[in-house]
Every structure is written in C-alpha cells, then in structure tokens.
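Dumped work-v8.txt below, it's compact mmCIF, C-alpha atoms:
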```txt
# COMPACT_ATOMS: atom_id res chain seq x y z
CA MET A 4 47.21 -12.55 23.17
CA GLN A 5 45.35 -11.43 26.30
CA THR A 6 47.00 -8.01 26.01
CA LYS A 7 45.81 -7.69 22.44
CA PHE A 8 42.27 -8.64 23.47
CA LEU A 9 42.19 -5.93 26.12
CA ALA A 10 43.71 -3.31 23.83
CA SER A 11 41.24 -4.13 21.06
CA ALA A 12 38.24 -3.95 23.34
CA ALA A 13 39.45 -0.72 24.92
CA LEU A 14 39.89 1.05 21.58
CA ALA A 15 36.60 -0.27 20.22
CA LEU A 16 34.62 1.09 23.15
CA ALA A 17 36.65 4.09 24.33
CA LEU A 18 35.01 6.71 22.12
CA PRO A 19 31.42 5.60 22.75
CA VAL A 20 31.93 5.37 26.52
CA ALA A 21 33.45 8.84 26.59
CA ALA A 22 30.36 10.15 24.83
CA GLN A 23 27.90 8.40 27.13
CA ALA A 24 27.99 11.14 29.73
CA GLN A 25 26.70 13.64 27.19
CA HIS A 26 23.63 11.87 25.82
CA ALA A 27 21.21 13.43 28.33
CA ASP A 28 17.43 13.46 27.90
CA HIS A 29 16.58 13.67 24.20
CA GLN A 30 13.04 13.07 23.04
CA PRO A 31 12.25 10.23 20.58
CA PRO A 32 13.05 11.24 17.02
CA ALA A 33 10.60 12.41 14.42
CA PRO A 34 10.73 10.12 11.36
CA VAL A 35 13.55 10.99 8.99
CA ASP A 36 13.19 11.45 5.23
CA HIS A 37 16.18 9.85 3.60
CA ALA A 38 15.18 11.18 0.22
CA ALA A 39 15.54 14.80 1.23
CA PRO A 40 17.82 15.13 4.29
CA ILE A 41 19.56 11.79 3.90
CA SER A 42 22.46 12.98 6.00
CA ALA A 43 20.08 13.76 8.86
CA GLN A 44 19.87 10.02 9.44
CA MET A 45 23.00 8.59 11.02
CA ASP A 46 25.04 6.07 9.01
CA HIS A 47 24.31 2.45 9.86
CA SER A 48 27.94 1.39 9.47
CA GLN A 49 28.73 -1.57 11.76
CA MET A 50 25.25 -1.14 13.22
CA ASP A 51 23.52 -3.34 15.80
CA HIS A 52 20.07 -3.70 14.28
CA ALA A 53 18.79 -5.68 17.22
CA ALA A 54 16.95 -2.98 19.11
CA PRO A 55 16.19 0.74 19.45
CA THR A 56 18.77 3.40 20.20
CA ALA A 57 19.93 4.01 23.73
CA ALA A 58 19.06 7.71 23.40
CA PRO A 59 17.65 8.66 19.99
CA MET A 60 18.56 11.98 18.42
CA ASP A 61 15.80 14.58 18.47
CA HIS A 62 15.47 15.38 14.77
CA ALA A 63 12.33 17.39 15.46
CA ALA A 64 14.44 19.84 17.43
CA MET A 65 16.62 20.15 14.33
CA GLY A 66 13.59 21.18 12.30
CA HIS A 67 13.20 17.94 10.30
CA GLU A 68 9.76 16.49 10.87
CA MET A 69 9.48 14.37 7.74
CA PRO A 70 7.99 11.08 6.52
CA MET A 71 10.02 7.93 6.91
CA GLY A 72 12.51 7.16 4.12
CA PRO A 73 15.18 4.53 3.50
CA ALA A 74 17.80 3.82 6.15
CA GLU A 75 21.47 4.51 5.48
CA GLY A 76 23.99 1.70 5.19
CA SER A 77 27.74 1.85 4.70
CA GLY A 78 29.01 4.73 2.59
CA THR A 79 26.00 5.97 0.62
CA ALA A 80 24.29 2.57 0.32
CA ARG A 81 20.59 2.38 1.23
CA LEU A 82 18.83 -0.15 3.43
CA PRO A 83 15.11 -0.77 3.98
CA ALA A 84 13.50 1.97 6.08
CA ALA A 85 12.21 -0.76 8.42
CA GLU A 86 15.75 -1.20 9.73
CA GLY A 87 15.28 2.15 11.49
CA MET A 88 17.92 4.21 13.24
CA MET A 89 21.11 2.63 14.47
CA PRO A 90 21.63 2.23 18.21
CA GLY A 91 24.26 4.16 20.08
CA LEU A 92 24.59 7.28 22.17
CA HIS A 93 23.16 10.47 20.66
CA PHE A 94 24.07 13.80 22.18
CA ASP A 95 24.05 17.56 21.66
CA LEU A 96 27.40 19.09 20.72
CA GLY A 97 26.10 22.65 20.90
CA SER A 98 25.75 25.37 18.25
CA GLY A 99 23.22 23.23 16.40
CA TRP A 100 25.54 20.21 16.05
CA GLN A 101 24.31 16.73 16.99
CA GLY A 102 26.62 13.80 17.73
CA MET A 103 26.46 10.02 17.80
CA ALA A 104 28.81 7.36 19.18
CA HIS A 105 28.67 3.64 18.54
CA GLY A 106 31.01 0.68 18.93
CA TYR A 107 31.40 -3.02 19.50
CA GLY A 108 33.88 -5.75 20.33
CA TRP A 109 33.58 -9.42 19.34
CA LEU A 110 35.50 -12.12 21.20
CA VAL A 111 35.49 -15.08 18.79
CA HIS A 112 36.88 -18.59 18.84
CA SER A 113 37.01 -20.27 15.42
CA GLU A 114 37.73 -23.91 14.54
CA GLN A 115 38.20 -24.82 10.86
CA THR A 116 38.75 -28.52 10.20
CA GLY A 117 40.64 -30.47 7.54
CA PRO A 118 44.27 -30.30 6.30
CA ARG A 119 43.99 -26.56 5.65
CA GLY A 120 42.00 -25.85 8.78
CA ASP A 121 43.19 -23.84 11.76
CA ASP A 122 41.88 -22.56 15.08
CA LYS A 123 42.16 -19.11 16.60
CA THR A 124 40.72 -16.95 19.37
CA TYR A 125 40.62 -13.30 18.39
CA VAL A 126 38.85 -9.94 18.77
CA GLN A 127 37.06 -7.90 16.12
CA SER A 128 36.33 -4.28 17.01
CA MET A 129 35.02 -0.92 15.84
CA ALA A 130 34.43 2.55 17.29
CA MET A 131 32.50 5.26 15.47
CA LEU A 132 31.84 8.95 16.04
CA MET A 133 29.64 11.15 13.88
CA ALA A 134 28.59 14.81 13.94
CA GLN A 135 25.99 16.62 11.86
CA ARG A 136 24.21 19.93 11.55
CA ASP A 137 21.24 21.27 9.61
CA PHE A 138 21.76 24.69 8.06
CA GLY A 139 18.23 24.94 6.65
CA GLY A 140 17.95 23.04 3.39
CA VAL A 141 21.61 22.00 3.62
CA ARG A 142 22.91 19.30 5.96
CA LEU A 143 26.55 18.55 6.77
CA GLN A 144 27.83 15.36 8.34
CA PHE A 145 31.29 14.15 9.44
CA ARG A 146 32.09 10.47 10.03
CA THR A 147 34.99 8.74 11.77
CA MET A 148 35.29 4.99 12.20
CA VAL A 149 38.31 3.09 13.54
CA SER A 150 39.22 -0.49 14.47
CA ALA A 151 41.80 -2.11 16.74
CA GLU A 152 42.08 -5.13 14.43
CA PRO A 153 45.61 -4.15 13.27
CA LEU A 154 46.66 -5.53 16.67
CA LEU A 155 45.77 -8.97 15.31
CA ASP A 156 48.28 -11.10 13.46
CA ALA A 157 48.60 -9.91 9.85
CA ARG A 158 47.05 -13.21 8.71
CA GLY A 159 43.75 -12.37 10.39
CA TYR A 160 41.56 -15.32 11.30
CA PRO A 161 40.86 -18.73 9.71
CA ASN A 162 37.96 -18.88 7.24
CA LEU A 163 38.01 -21.83 4.85
CA PHE A 164 37.80 -20.98 1.12
CA ALA A 165 38.13 -17.23 1.75
CA THR A 166 40.83 -15.45 -0.29
CA GLY A 167 42.03 -11.91 -0.92
CA GLU A 168 44.87 -9.55 0.04
CA THR A 169 48.26 -10.53 1.47
CA ALA A 170 50.12 -10.90 4.79
CA ASN A 171 53.89 -10.75 5.16
CA GLY A 172 54.16 -10.73 1.37
CA GLU A 173 52.23 -13.99 1.00
CA PRO A 174 48.68 -14.47 -0.36
CA LEU A 175 45.95 -14.92 2.22
CA VAL A 176 44.12 -18.18 1.48
CA ASP A 177 41.57 -19.76 3.83
CA ARG A 178 41.93 -16.62 5.96
CA GLN A 179 40.04 -13.35 6.50
CA HIS A 180 42.31 -10.31 6.75
CA PRO A 181 41.93 -7.80 9.63
CA HIS A 182 40.40 -4.38 9.02
CA ASP A 183 42.55 -1.26 8.85
CA LEU A 184 42.82 1.17 11.77
CA PHE A 185 40.91 3.79 9.76
CA MET A 186 37.71 2.34 8.36
CA GLU A 187 36.14 5.69 7.46
CA LEU A 188 37.23 9.35 7.48
CA ALA A 189 34.60 11.08 5.40
CA ALA A 190 32.07 13.89 5.12
CA ARG A 191 28.71 14.28 3.43
CA VAL A 192 26.63 17.29 2.40
CA ASP A 193 22.99 17.12 1.28
CA VAL A 194 21.16 19.97 -0.46
CA ASP A 195 17.38 20.05 -0.90
CA LEU A 196 16.49 20.69 -4.55
CA THR A 197 12.72 20.22 -4.18
CA GLU A 198 10.43 18.94 -1.46
CA ASP A 199 11.13 15.34 -2.57
CA THR A 200 14.59 15.48 -4.18
CA THR A 201 18.05 15.93 -2.71
CA ALA A 202 21.51 16.27 -4.24
CA PHE A 203 24.42 14.95 -2.19
CA LEU A 204 28.21 14.83 -2.21
CA TYR A 205 30.14 12.31 -0.11
CA GLY A 206 33.77 11.33 0.22
CA GLY A 207 37.07 11.59 2.01
CA PRO A 208 40.49 10.01 2.40
CA VAL A 209 38.89 6.77 3.69
CA ALA A 210 35.38 6.04 2.43
CA GLU A 211 33.24 3.65 0.37
CA PRO A 212 32.30 4.11 -3.31
CA ALA A 213 28.88 3.46 -4.86
CA LEU A 214 29.50 -0.20 -5.69
CA GLY A 215 27.58 -3.22 -4.42
CA PRO A 216 25.12 -3.59 -1.54
CA ALA A 217 25.83 -2.29 1.95
CA ALA A 218 28.86 -4.19 3.26
CA PHE A 219 28.20 -7.41 5.17
CA MET A 220 28.77 -6.07 8.71
CA HIS A 221 26.35 -3.21 8.00
CA ARG A 222 23.36 -5.34 7.01
CA ALA A 223 20.67 -6.45 9.47
CA SER A 224 20.70 -9.84 7.74
CA ALA A 225 24.31 -10.38 8.93
CA ARG A 226 24.06 -8.56 12.27
CA LEU A 227 25.14 -11.45 14.51
CA ASN A 228 27.21 -13.48 12.06
CA PRO A 229 30.83 -13.51 13.33
CA GLU A 230 32.41 -14.51 9.99
CA ALA A 231 33.05 -12.49 6.85
CA PRO A 232 31.50 -14.05 3.73
CA ILE A 233 33.86 -16.01 1.50
CA THR A 234 32.37 -13.81 -1.25
CA HIS A 235 33.68 -10.68 0.51
CA HIS A 236 35.97 -9.74 -2.41
CA TRP A 237 33.10 -10.01 -4.86
CA PHE A 238 30.71 -7.76 -2.94
CA ASP A 239 32.39 -5.87 -0.09
CA SER A 240 36.09 -5.35 -0.76
CA THR A 241 35.63 -1.62 -1.47
CA HIS A 242 34.07 -0.79 1.91
CA ILE A 243 37.47 0.57 3.01
CA THR A 244 38.84 2.59 0.09
CA TYR A 245 41.58 5.21 0.23
CA GLY A 246 40.16 8.11 -1.74
CA VAL A 247 36.46 8.42 -2.71
CA ILE A 248 34.25 11.14 -4.21
CA THR A 249 30.57 10.28 -4.73
CA ALA A 250 27.83 12.53 -6.13
CA GLY A 251 24.17 11.63 -6.44
CA LEU A 252 20.49 12.49 -6.55
CA ALA A 253 17.91 10.92 -4.26
CA GLY A 254 14.16 10.77 -3.83
CA GLN A 255 11.93 8.95 -1.37
CA MET A 256 11.93 5.74 -3.44
CA TRP A 257 15.09 6.00 -5.55
CA GLN A 258 18.74 7.02 -5.64
CA ILE A 259 21.27 7.31 -8.46
CA GLU A 260 24.95 8.03 -7.83
CA GLY A 261 28.44 7.81 -9.26
CA SER A 262 31.89 7.57 -7.66
CA ALA A 263 35.51 8.20 -8.53
CA PHE A 264 37.87 6.30 -6.24
CA ARG A 265 41.13 4.41 -5.76
CA GLY A 266 40.76 0.93 -7.22
CA GLN A 267 43.56 -0.75 -5.26
CA GLU A 268 42.55 -2.70 -2.18
CA PRO A 269 44.26 -1.71 1.12
CA ASP A 270 47.78 -3.07 1.53
CA GLU A 271 48.87 -5.16 4.50
CA ASP A 272 50.07 -2.16 6.53
CA ARG A 273 46.87 -1.76 8.53
CA TRP A 274 47.95 1.31 10.52
CA ASP A 275 48.43 3.94 7.83
CA ILE A 276 46.31 6.03 5.47
CA GLU A 277 47.32 5.22 1.91
CA SER A 278 47.63 7.82 -0.83
CA PRO A 279 44.21 8.56 -2.36
CA ARG A 280 43.92 8.20 -6.13
CA LEU A 281 40.87 8.67 -8.34
CA ASN A 282 41.74 6.03 -10.95
CA SER A 283 38.51 4.00 -10.90
CA TRP A 284 34.78 4.63 -11.20
CA ALA A 285 31.41 3.12 -10.28
CA VAL A 286 27.71 3.87 -10.74
CA ARG A 287 24.75 2.59 -8.73
CA ALA A 288 20.95 2.82 -8.87
CA THR A 289 18.80 1.96 -5.85
CA LEU A 290 15.05 1.46 -5.56
CA ASN A 291 13.08 1.46 -2.29
CA PRO A 292 9.54 0.53 -3.38
CA SER A 293 8.33 0.26 0.23
CA PRO A 294 9.75 0.63 3.76
CA ASN A 295 10.54 -3.09 3.76
CA TRP A 296 12.65 -3.33 0.60
CA ALA A 297 15.91 -2.00 -0.88
CA MET A 298 17.13 -3.07 -4.33
CA GLN A 299 20.33 -2.00 -6.07
CA VAL A 300 22.29 -2.61 -9.27
CA SER A 301 25.80 -1.29 -9.71
CA HIS A 302 28.79 -1.50 -12.02
CA GLY A 303 32.38 -0.39 -11.57
CA ARG A 304 35.75 -0.41 -13.30
CA LEU A 305 38.59 -0.92 -10.81
CA LYS A 306 42.21 -0.16 -11.64
CA GLN A 307 44.43 -3.10 -10.61
CA PRO A 308 42.50 -3.80 -7.39
CA GLU A 309 44.36 -6.93 -6.24
CA ALA A 310 48.06 -7.18 -5.41
CA LEU A 311 47.89 -10.87 -6.41
CA HIS A 312 46.92 -9.88 -9.96
CA PRO A 313 49.23 -7.04 -10.98
CA GLY A 314 48.40 -5.46 -14.30
CA GLU A 315 44.80 -6.74 -14.22
CA ASP A 316 41.90 -4.33 -14.00
CA GLU A 317 38.46 -5.48 -12.94
CA ALA A 318 34.94 -4.81 -14.16
CA ARG A 319 32.52 -5.65 -11.34
CA SER A 320 28.73 -5.84 -11.66
CA THR A 321 26.41 -6.48 -8.72
CA ALA A 322 22.70 -6.74 -7.96
CA SER A 323 21.04 -7.23 -4.59
CA VAL A 324 17.71 -7.20 -2.78
CA SER A 325 17.38 -6.57 0.96
CA TYR A 326 14.22 -7.13 3.01
CA ASN A 327 13.36 -6.15 6.57
CA SER A 328 9.98 -6.96 8.07
CA GLY A 329 10.37 -4.36 10.81
CA ASN A 330 9.54 -7.16 13.23
CA GLY A 331 12.76 -9.14 13.57
CA LEU A 332 13.23 -10.73 10.14
CA ALA A 333 15.91 -9.43 7.74
CA ALA A 334 17.22 -11.06 4.57
CA THR A 335 19.56 -10.24 1.67
CA ALA A 336 20.08 -11.93 -1.71
CA ALA A 337 22.91 -10.77 -3.97
CA PHE A 338 24.81 -11.60 -7.17
CA SER A 339 28.19 -10.39 -8.41
CA ALA A 340 30.26 -10.91 -11.56
CA LYS A 341 33.96 -10.07 -11.32
CA ASN A 342 35.53 -9.79 -14.78
CA ARG A 343 39.32 -9.66 -14.72
CA MET A 344 40.73 -7.63 -17.58
CA PRO A 345 42.45 -9.55 -19.04
CA GLY A 346 41.09 -12.76 -17.56
CA ASP A 347 37.98 -14.75 -16.78
CA THR A 348 34.67 -13.67 -15.30
CA LEU A 349 34.11 -15.15 -11.84
CA THR A 350 30.60 -15.08 -10.34
CA ALA A 351 29.24 -15.25 -6.81
CA TRP A 352 25.84 -15.67 -5.18
CA LEU A 353 24.90 -14.89 -1.59
CA GLY A 354 21.81 -15.30 0.55
CA GLU A 355 21.60 -14.54 4.26
CA VAL A 356 18.92 -14.14 6.90
CA ASN A 357 18.65 -12.96 10.51
CA TRP A 358 15.50 -13.92 12.42
CA ASP A 359 14.86 -12.55 15.92
CA LEU A 360 12.62 -15.20 17.46
CA SER A 361 12.17 -12.93 20.50
CA ASP A 362 13.98 -10.11 22.26
CA ARG A 363 16.59 -12.63 23.39
CA HIS A 364 16.82 -15.43 20.82
CA THR A 365 18.10 -15.08 17.24
CA LEU A 366 18.74 -17.54 14.42
CA PHE A 367 20.95 -16.55 11.50
CA ALA A 368 22.06 -18.30 8.32
CA ARG A 369 24.12 -17.66 5.20
CA ALA A 370 24.46 -19.57 1.91
CA GLU A 371 27.18 -18.66 -0.60
CA ASN A 372 28.25 -20.00 -3.97
CA VAL A 373 31.40 -18.65 -5.62
CA THR A 374 33.86 -19.43 -8.42
CA ASN A 375 37.36 -18.87 -7.01
CA ASP A 376 40.71 -19.29 -8.80
CA GLU A 377 42.97 -18.16 -5.91
CA LEU A 378 42.91 -21.29 -3.72
CA PHE A 379 46.34 -22.45 -4.95
CA PRO A 380 48.61 -19.39 -5.21
CA ASP A 381 51.84 -21.35 -5.68
CA HIS A 382 52.75 -21.05 -9.37
CA ASP A 383 54.31 -24.53 -9.28
CA ASP A 384 51.10 -26.17 -8.07
CA PRO A 385 49.25 -27.98 -10.88
CA LEU A 386 45.97 -26.45 -9.63
CA HIS A 387 47.33 -22.88 -9.74
CA ASP A 388 44.84 -20.44 -11.32
CA THR A 389 42.22 -23.23 -11.62
CA ALA A 390 38.72 -21.94 -10.87
CA PHE A 391 36.62 -24.02 -8.47
CA ARG A 392 32.96 -23.49 -7.60
CA ILE A 393 32.51 -23.63 -3.83
CA THR A 394 29.34 -23.54 -1.73
CA LYS A 395 29.33 -22.61 1.95
CA LEU A 396 26.28 -23.22 4.16
CA GLN A 397 26.28 -21.65 7.62
CA LEU A 398 23.76 -21.71 10.47
CA GLY A 399 24.02 -19.96 13.84
CA TYR A 400 22.25 -18.92 17.03
CA ALA A 401 22.69 -16.00 19.46
CA TYR A 402 21.26 -15.09 22.86
CA SER A 403 21.22 -11.34 23.59
CA LEU A 404 20.63 -9.41 26.79
CA PRO A 405 20.95 -5.74 27.76
CA LEU A 406 23.65 -4.67 30.20
CA GLY A 407 22.27 -1.54 31.79
CA GLU A 408 21.01 1.21 29.50
CA ALA A 409 24.01 1.48 27.19
CA PHE A 410 25.27 -1.99 26.19
CA THR A 411 24.01 -5.26 24.73
CA LEU A 412 25.80 -8.59 25.13
CA SER A 413 25.18 -11.37 22.60
CA LEU A 414 26.45 -14.94 23.12
CA GLY A 415 26.28 -17.53 20.37
CA GLY A 416 27.91 -19.77 17.83
CA SER A 417 27.68 -21.10 14.31
CA ALA A 418 28.56 -24.14 12.19
CA ALA A 419 29.38 -24.27 8.48
CA ALA A 420 29.63 -27.03 5.87
CA PHE A 421 31.04 -26.87 2.34
CA ILE A 422 30.21 -28.37 -1.03
CA LYS A 423 33.26 -28.59 -3.28
CA PRO A 424 34.73 -30.65 -6.16
CA ASP A 425 36.24 -34.00 -5.15
CA VAL A 426 39.60 -32.95 -6.61
CA LEU A 427 39.99 -30.67 -3.57
CA ASP A 428 39.81 -33.56 -1.08
CA ALA A 429 43.61 -33.84 -0.90
CA ALA A 430 43.90 -30.19 0.16
CA TYR A 431 40.77 -29.80 2.28
CA GLY A 432 39.67 -33.28 3.27
CA SER A 433 36.44 -34.95 2.25
CA ASN A 434 34.21 -33.04 4.70
CA PRO A 435 35.74 -29.78 6.02
CA MET A 436 33.70 -27.89 8.60
CA GLY A 437 33.83 -24.53 10.32
CA TYR A 438 32.72 -23.72 13.88
CA THR A 439 32.60 -20.48 15.90
CA LEU A 440 31.74 -19.42 19.44
CA PHE A 441 31.43 -15.72 20.21
CA ALA A 442 30.59 -13.00 22.71
CA ARG A 443 29.63 -9.63 21.22
CA LEU A 444 29.48 -6.48 23.36
CA ALA A 445 27.82 -3.56 21.55
CA LEU A 446 27.17 0.02 22.58
CA GLY A 447 23.43 0.59 22.26
CA GLN A 448 20.34 -1.43 23.12
```
What is this structure when it is put down as structure tokens?
Amino acid sequence: MQTKFLASAALALALPVAAQAQHADHQPPAPVDHAAPISAQMDHSQMDHAAPTAAPMDHAAMGHEMPMGPAEGSGTARLPAAEGMMPGLHFDLGSGWQGMAHGYGWLVHSEQTGPRGDDKTYVQSMAMLMAQRDFGGVRLQFRTMVSAEPLLDARGYPNLFATGETANGEPLVDRQHPHDLFMELAARVDVDLTEDTTAFLYGGPVAEPALGPAAFMHRASARLNPEAPITHHWFDSTHITYGVITAGLAGQMWQIEGSAFRGQEPDEDRWDIESPRLNSWAVRATLNPSPNWAMQVSHGRLKQPEALHPGEDEARSTASVSYNSGNGLAATAAFSAKNRMPGDTLTAWLGEVNWDLSDRHTLFARAENVTNDELFPDHDDPLHDTAFRITKLQLGYAYSLPLGEAFTLSLGGSAAAFIKPDVLDAAYGSNPMGYTLFARLALGQ
C-alpha cells in the first residue's frame, strides 16, 4: 500500500512540479470576460478555490482586458465569477501560447461503521496541464487531466449508501469507484460573434457533456470534502465521458449549449481510453445574474449508461444553484431526476457549503437525499430492486497552511450520519456512521 501511495502522489504532482520552473514573473491578470473569450479563463477542474493563484496568467499581455464574467467549471459548466481564477502555476510557452499546471494528492483514512461498513487508507490524485492561445477574436485551448487512482483497488474506497459501476464483475455498493487514468483529453475553441456574444466548440476523446452542474470536486462548495456524494450518479457520473462534442453560445449573463456524447459510464478498466460513441445527447441553459450566482437547468438522454441495467436508457433532468460570496462562503443546491427507460424515476437532492472562517480554518457540510434501488444487487435477495430513500448528513473541518510559494497543505476530517428506513437495520445497523481524516497537498496557494 505504501508503494501505491508514493506512486499516486508522484503522478499527481509530477506535471505541476515540472512546470514550476517556468512560471517566472507574470503580472496580475486583467479581469477575464467569460462571455466572450471563455476559453481565455483556465478550466476550474479539480480546482483549489481556497486562495489566489501562485503566479496568475497575464491576460492583459494576451490582449484581453475585459470585464469580469463567470468562472469556468468542469467541461463547459459555469461557476459564479466570484470563484475567480484557479490556483496553479501559469507560464509562457512561447509563440503566444500560455500554459497552466495544477495538481493535488489526498491521503485519506475512512471508517464506515455497521455490518456493511469498512475502513481504508487511500490516496486520491490529479494532475492537469493546459495550454491556450489568442489568435485575435478566436481562442484555442487544450486540456489534459490524469489521475493515479487506477493504482487503487478496483473497489475504490468505502462510502456507505453509494452505488454505481462495477469492480471485478461485481456491482459496487457502499463504495466509491476510483477515477480513470485519463480524466480529460479535450480542446476548446471560442469565436467572438459580437462584443458580448461568443460561439464555442468543445470536446475530445475524454471530456464532459453539458449535463448537470459542475462536478462535485470542481465546486468551491465541495473544495475540502474528501468524499464523493452518494448522489454522484445522479449529478456527476458524466464528468468522465469517452467521446464528447459540445457546441454553444454564451453572453456575459447566460449560456446555452448542446452535446452529443457516449452514454455508457466508464468500465472497470481504469487505464484505457474507451471507444468514443455519439449515441446520447444533452442540452443545458445557464444564467449568471451577478458575479455571485450561477444557475443551470439541463436534460439529457443517455444510451444504456449503467452496466448494472443493460438495455435501459436514461432520461436525466437536473437543476442547480451555486453561490459564492467572494469572501470565503460557497454553497450549492441541486436536484436531479433519473428516469430509467423502461423503469422508475429516481430523484435526488443535494445541498453543500464551504465556509472559510479565516485564511486557515474552514468548515464544510453536505446534506443529501436520494432514492436508490441498487443497494441489494443480488437477484435472490427479497429487497432486490427495492427503492429506498436515504439521507446523508456530513460535517467537516480543515486547517490549511501554505508550504512555500507553490503548495498548500490542508489537514482535517469529517463525520457523517444517515437517516434510513428501519427495514435496512439488518443490513446497515440501527445507526451507521462515516468518519474521515485527511491530508490534502495541492499545487497553488
């Protein structure tokens, strides 16, 4: 296990550290207009929203001195402008190209109690490189994001009442699966149509379609939460998709977009790139009425997304509101309805908040309520395919401190309680709990 920890951390931080030597003396950035040159703002995927960038990119030098617009989340999702630029190392690649490197590694110990509980110490990780150039009214961006999590056991880590995907041919229940090696291999081009309107095209062999809010690890409201939501497969399961093409129009306060993509979730071979297919679609509309707010509604039709439900398509509808005060408080509220076709409609609610009490101290919380019919995958079990409404309540704390000019270390923990039907006592116990302790090392202040 120690070898896997070291390998994970090395891969997660290797690319950013290699780039550190190049980040030199850039001036603070001019505000970026996400409605026109959206791609001029770096993607906030896996971002550390805690503090400013280690060396911000000089967008003024690129000829973009523009009013502030919405921040970019995962894929083409928008976040409140108050979330600002992501931290990391920003550097000049020459010939007009600008680069950015970011990464993190989490060392986590999880204890989940009750008959179905388990404990595990594990590493989550990510490394990201991006490059972009302005050609005068047209901006081009390339994105690469990888993870060392395939080094984990195929069963991932314990997370009571979480379901989705498989390991060693068996359904994953009360577990969170590891991420794939390739989390994003994509490009984006933005073309100015008018002073306030931009057309964009995004996609690649590994990307995220226009469905749902920004994925959980990309939101400021979940920045220091070490656990994936148990509603992950209602809101976020498409954040790694093999084959995506998205086209859209954007203004300062709005964005509309549509995607064609592969509906199937990634298989349990976490090392490969699966064959892209454009067999599913999604549409999304986003409103940013002020720098503090981002609101989206989306709907998609997914072709046989889950290996556990062969022959079943899915119609998924989501709505969410994200808030960022710009002064340490971030929150998200979201709803999703997952309609299996044929099958039932299963709904989920989520609320989460991250509150920086100071530069060092942070409180975070998450409340989820979901109807799940995958808790008993054995066809011979009398509760097989029975839908249960589960509530998870989680509260946590983190202490963060800078390590030099490039890294931030956060130490913390969380506790979770569950509200469930009494009929589940035999499987889960009368009062199951979840606990985590973690250390998070991130590139960027």
(request) Do a neighbour search on A:Val286 at 8 Å with all atoms listed in the file, toss out local chain neighbours closer than 6 positions, and write the hits as a VMD selection string. (result) chain A and resid 213 to 214 259 to 262 301 to 303
Produce a file of the selected residues containing C-alpha atoms, as an mmCIF file, in the coordinates of the input.
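Below you can see again.cif, which holds the result:
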```
data_model
loop_
_atom_site.group_PDB
_atom_site.id
_atom_site.type_symbol
_atom_site.label_atom_id
_atom_site.label_comp_id
_atom_site.auth_asym_id
_atom_site.auth_seq_id
_atom_site.Cartn_x
_atom_site.Cartn_y
_atom_site.Cartn_z
ATOM 1 C CA ALA A 213 28.880 3.460 -4.860
ATOM 2 C CA LEU A 214 29.500 -0.200 -5.690
ATOM 3 C CA ILE A 259 21.270 7.310 -8.460
ATOM 4 C CA GLU A 260 24.950 8.030 -7.830
ATOM 5 C CA GLY A 261 28.440 7.810 -9.260
ATOM 6 C CA SER A 262 31.890 7.570 -7.660
ATOM 7 C CA SER A 301 25.800 -1.290 -9.710
ATOM 8 C CA HIS A 302 28.790 -1.500 -12.020
ATOM 9 C CA GLY A 303 32.380 -0.390 -11.570
#
```
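Among the candidates A:Thr321, A:Thr169, A:Asn162, A:Ser98, the one nearest to A:Arg136 when counting all atoms listed in the file is A:Ser98.
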(message) Here is a test: counting only C-alpha atoms, which residue of A:Arg304, A:His382, A:Arg158, A:Lys395 is nearest to A:Pro232?
(response) A:Lys395
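For the atom pair formed by atom CA of A:Ala409 and atom CA of A:Ala445, the distance is 8.5 Å, given to one decimal.
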(message) Between A:Ala442, A:Ala189, A:Leu196, A:Glu271, which residue has the minimum interatomic distance to A:Leu412, considering only C-alpha atoms?
(response) A:Ala442
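The list of residues with at least one atom within 8 Å of A:Ser339, based on only C-alpha atoms and without residues fewer than 6 positions apart in the same chain, reads Trp237, Phe238, Arg319, Ser320, Thr321, Ala322, Thr350, Ala351 and Trp352 of chain A.
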